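For reference, the structure discussed in these notes is given below.
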Amino acid sequence: MSNKLPPLHIGDLVIPVPIIQGGMGAKVSTAALAAAVANCGGAGTIASVGLGSKAGIIEANYVQGSREALIREIQDARSLSTGAIGVNILAALTNFEDLARTAAQAGADYIISGAGLPLRLPELVEGTKTKIIPIVSSARVARLIIKSWYKRYNRFPDAVVVEGPLAGGHLGFSAEEVEAQEDDALEDIVRDVLNVTREYESEHSVKIPVIAAGGIFDGKDIARFLKMGAQGVQLGTRFVATDECAVPAAFKQKYIDATEDDIVIIKSPVGLPGRALKTQFIKELFANGRKKFTCNYHCLKTCDIRTAPYCIGQQMLNAVDEKLVDDAVVFAGQNVYRVKEIVSVKALMDELVAEAEANL
Ligand SMILES: Cc1cc2nc3c(=O)[nH]c(=O)nc-3n(C[C@H](O)[C@H](O)[C@H](O)COP(=O)(O)O)c2cc1C
């Protein structure tokens with residue numbers, strides 16, 4: 001594969017192609033996908049959320065199950081690739097600390113963490129080489145995290161992912177903000193965050209690369225963000241539509257069939273809005289407001305089991321069960337309606353790199 005794009009340096013970790021496959025739970029981005037991306041020179045991210053469940057049901061021994069499954073995923077990815085392999089951990093998880101320690105001890109190259117403020121992350125990876133990368137949706141939050149880590153731990157983020165309002169999955173904005181944002185909002189946020197990171201870079205002689213995410217669809221988009229000063233990009237939706245993504249065919253077919261009218265913003269027990277496809281479950285949720293559930297394990301710090309409209313863990317797990325895809329939360333980015341076919345990770349990476357090179 002030709003690659004004239006500048007590599008992404010995250011501390012001493014070198015990612016030859018500056019494209020990160022974003023972590024996608026539950027069980028959407030597992031070892032097979034992460035390794036395939038890493039084998040093409042990008043960085044592959046294993047999503048940690050929901051790994052501790054068998055047969056779609058959240059088990060009583062969720063914490064231990066999640067820990068063991070995460071170690072297995074990291075080991076599997078390592079056996080398939082010598083490239084950059086990281087882990088995504090939602091800061092809102094009640095077992096966030098346990099998963100972060102586990103990922104670092106198991107040798108993950110990096111941890112990317114959002115959906116909440118991962119303020120204790122530096123101490124959880126102490127003594128390891130694991131890079132720590134918060135996800136932010138504003139310059140204000142970028143500054144808050146940098147300040148807090150510096151003050152408390154004398155440590156800076158090794159990079160920052162800036163996720164805009166067009167992303168799939170949970171969004172770091174209110175539903176009203178998501179509706180009100182222009183399509184180029186990510187450009188503005190990246191520019192603002194770059195001002196913050198550059199300030200700390202020059203004051204403290206450190207490097208805090210910025211990685212843009214949310215609605216990035218083709219190589220033209222990648223080139224646009226690299227030219228602005230971002231050192232890398234993170235993509236989710238495009239990587240679901242690949243052979244190596246482990247979700248059932250029915251999940252991928254939803255992506256191919258999706259029109260703009262099928263893309264909705266939903267409320268989630270995570271406490272943030274999420275972008276998903278209008279499945280039968282979502283239609284019923286919009287009509288009824290609630291789907292009753294039982295909870296064996298309180299997986300989210302932010303979930304009030306008595307008032308939560310549904311169990312986000314179970315509904316995300318349903319999406320990766322061939323028979324239950326319609327009774328599920330199927331997350332997808334705003335540009336999902338442009339996905340027309342399922343391709344190999346290699347074909348996708350080749351296309352993205354060639355287009356980005358041509359537009360740099
Ligand atoms: C199916 C799906 C699941 C996701 N799950 C997570 C997750 O568990 N944690 C997270 O931080 N981001 C999650 N995301 C966001 C992605 O990591 C990525 O940042 C986002 O999809 C980028 O926007 P794009 O889909 O437009 O490329 C998810 C996205 C999708 C599409």
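Residues are referred to by chain and number: the chain letter is A, B, ... according to the order shown in the structure tokens, the number counts from 1 in that chain, and ligands are numbered separately from 1 in the order shown.
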Expected answer as a PyMOL selection string: strand (DSSP E) residues in stretch 102-275 of chain A: chain A and resi 110-113+131-136+160-163+169-170+210-213+232-235+263-267+273-275
Using the selection just defined, write its residues with N, CA, C and O atoms as a short mmCIF file (atom, residue, chain, number, x, y, z; two decimals), in the first residue's frame.
data_model
loop_
_atom_site.label_atom_id
_atom_site.label_comp_id
_atom_site.auth_asym_id
_atom_site.auth_seq_id
_atom_site.Cartn_x
_atom_site.Cartn_y
_atom_site.Cartn_z
N TYR A 110 -2.69 1.93 23.69
CA TYR A 110 -3.34 3.19 24.13
C TYR A 110 -4.73 2.89 24.68
O TYR A 110 -5.32 1.84 24.38
N ILE A 111 -5.21 3.83 25.48
CA ILE A 111 -6.60 3.79 25.93
C ILE A 111 -7.25 5.09 25.47
O ILE A 111 -6.72 6.18 25.74
N ILE A 112 -8.35 4.97 24.74
CA ILE A 112 -9.13 6.14 24.36
C ILE A 112 -10.39 6.12 25.23
O ILE A 112 -11.05 5.10 25.33
N SER A 113 -10.69 7.26 25.85
CA SER A 113 -11.79 7.25 26.81
C SER A 113 -12.63 8.52 26.76
O SER A 113 -12.11 9.63 26.83
N LYS A 131 -0.53 4.59 26.28
CA LYS A 131 -0.80 6.02 26.07
C LYS A 131 -2.25 6.32 26.47
O LYS A 131 -3.13 5.47 26.29
N ILE A 132 -2.49 7.53 26.97
CA ILE A 132 -3.85 7.86 27.40
C ILE A 132 -4.40 9.04 26.59
O ILE A 132 -3.77 10.08 26.47
N ILE A 133 -5.59 8.80 26.05
CA ILE A 133 -6.16 9.71 25.05
C ILE A 133 -7.63 9.99 25.39
O ILE A 133 -8.50 9.14 25.17
N PRO A 134 -7.93 11.16 25.96
CA PRO A 134 -9.33 11.46 26.24
C PRO A 134 -10.09 11.87 24.96
O PRO A 134 -9.48 12.38 24.02
N ILE A 135 -11.39 11.62 24.97
CA ILE A 135 -12.24 12.12 23.88
C ILE A 135 -12.92 13.39 24.40
O ILE A 135 -13.50 13.38 25.48
N VAL A 136 -12.84 14.47 23.63
CA VAL A 136 -13.49 15.72 24.04
C VAL A 136 -14.38 16.21 22.89
O VAL A 136 -14.16 15.87 21.74
N VAL A 160 -5.35 13.80 21.92
CA VAL A 160 -6.74 14.09 22.26
C VAL A 160 -7.59 13.76 21.03
O VAL A 160 -7.26 14.16 19.92
N VAL A 161 -8.67 12.99 21.24
CA VAL A 161 -9.63 12.78 20.15
C VAL A 161 -10.71 13.86 20.28
O VAL A 161 -11.28 14.04 21.37
N VAL A 162 -10.95 14.58 19.20
CA VAL A 162 -12.00 15.61 19.20
C VAL A 162 -13.17 15.05 18.41
O VAL A 162 -13.06 14.83 17.20
N GLU A 163 -14.26 14.76 19.09
CA GLU A 163 -15.40 14.15 18.40
C GLU A 163 -16.53 15.15 18.22
O GLU A 163 -17.03 15.73 19.19
N GLY A 169 -22.94 6.70 17.71
CA GLY A 169 -22.81 6.37 19.13
C GLY A 169 -23.15 7.57 20.00
O GLY A 169 -23.82 8.52 19.56
N HIS A 170 -22.68 7.53 21.24
CA HIS A 170 -22.99 8.61 22.19
C HIS A 170 -22.26 9.89 21.80
O HIS A 170 -21.12 9.84 21.34
N VAL A 210 -3.73 16.10 17.98
CA VAL A 210 -5.19 16.16 17.95
C VAL A 210 -5.71 15.23 16.85
O VAL A 210 -5.19 15.23 15.73
N ILE A 211 -6.69 14.43 17.21
CA ILE A 211 -7.27 13.43 16.28
C ILE A 211 -8.74 13.79 16.08
O ILE A 211 -9.50 13.86 17.05
N ALA A 212 -9.12 14.04 14.84
CA ALA A 212 -10.50 14.48 14.56
C ALA A 212 -11.40 13.28 14.31
O ALA A 212 -11.00 12.32 13.65
N ALA A 213 -12.64 13.36 14.80
CA ALA A 213 -13.59 12.23 14.64
C ALA A 213 -15.02 12.74 14.52
O ALA A 213 -15.38 13.78 15.07
N GLY A 232 -4.21 13.26 13.10
CA GLY A 232 -4.83 11.98 12.76
C GLY A 232 -6.34 12.11 12.73
O GLY A 232 -6.90 13.18 13.06
N VAL A 233 -6.99 11.04 12.31
CA VAL A 233 -8.46 11.00 12.29
C VAL A 233 -8.92 9.68 12.90
O VAL A 233 -8.17 8.70 12.91
N GLN A 234 -10.13 9.70 13.43
CA GLN A 234 -10.73 8.45 13.93
C GLN A 234 -12.06 8.24 13.19
O GLN A 234 -12.89 9.15 13.14
N LEU A 235 -12.24 7.05 12.65
CA LEU A 235 -13.47 6.72 11.91
C LEU A 235 -14.13 5.51 12.55
O LEU A 235 -13.44 4.57 12.98
N ILE A 263 -31.92 7.89 10.25
CA ILE A 263 -30.92 8.25 11.27
C ILE A 263 -31.59 9.13 12.34
O ILE A 263 -32.18 10.16 12.01
N VAL A 264 -31.52 8.67 13.58
CA VAL A 264 -32.22 9.40 14.65
C VAL A 264 -31.30 9.68 15.84
O VAL A 264 -30.27 9.02 16.01
N ILE A 265 -31.70 10.66 16.62
CA ILE A 265 -31.00 10.94 17.87
C ILE A 265 -31.86 10.40 19.00
O ILE A 265 -33.05 10.73 19.09
N ILE A 266 -31.27 9.57 19.84
CA ILE A 266 -32.03 8.96 20.92
C ILE A 266 -31.46 9.37 22.28
O ILE A 266 -30.31 9.78 22.38
N LYS A 267 -32.31 9.24 23.29
CA LYS A 267 -31.83 9.43 24.67
C LYS A 267 -31.22 8.12 25.14
O LYS A 267 -31.71 7.05 24.76
N PRO A 273 -27.06 12.06 24.49
CA PRO A 273 -27.81 11.57 23.33
C PRO A 273 -26.94 10.64 22.48
O PRO A 273 -25.70 10.68 22.60
N GLY A 274 -27.57 9.82 21.67
CA GLY A 274 -26.80 8.93 20.80
C GLY A 274 -27.38 8.96 19.40
O GLY A 274 -28.58 9.20 19.23
N ARG A 275 -26.52 8.72 18.40
CA ARG A 275 -27.02 8.65 17.01
C ARG A 275 -27.12 7.18 16.60
O ARG A 275 -26.15 6.44 16.72
#
Members of stretch 148-312 of chain A assigned helix (DSSP H, G or I) by DSSP, as number ranges by chain: A: 148-153, 175-180, 185-204, 219-228, 237-240, 249-257, 260-262, 280-288, 312
Distance criterion (only C-alpha atoms and all ligand atoms): nearest to ligand 1 out of A:Pro165, A:Pro209, A:Gly333, A:Gly42: A:Gly333
Pick from A:Gly215, A:Ser81, A:Trp149, A:Asn195 nearest to A:Gly164, counting only C-alpha atoms: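 Selected residue with least distance to A:Gly164: A:Gly215.
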Separation of atom CA of A:Leu324 from atom CA of A:Ala47 in Å: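 For atom CA of A:Ala47 relative to atom CA of A:Leu324, the distance reads 20.4 Å.
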Nearby residues (only C-alpha atoms) at most 7 Å from stretch 100-108 of chain A, same-chain spacing under 5 positions excluded, as a PyMOL selection string: chain A and resi 67+71+74+85-87+124-125+128+130
Selection near A:Asp243, 10 Å with only C-alpha atoms, sequence-local residues under 4 positions removed, as a ChimeraX atom specification: /A:32-33,36,239,247,249,252,342-346
8 Å shell around ligand 1 using only C-alpha atoms and all ligand atoms, listed as a ChimeraX atom specification: /A:21-26,28-29,47-49,88-90,112-115,135,163-164,166-170,213-217,234-238,240,276,330-336
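Note that the spacing between atom CA of A:Lys278 and atom CA of A:Val329 amounts to 8.4 Å.
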Contacts of A:Ala356 within 9 Å, only C-alpha atoms, excl. fewer than 3 positions in-chain, as a PyMOL selection string: chain A and resi 5+218-224+351-353+359-360
Distance in Å - atom CA of A:Val17 versus atom CA of A:Leu186: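 Going from atom CA of A:Val17 over to atom CA of A:Leu186 covers 21.2 Å.
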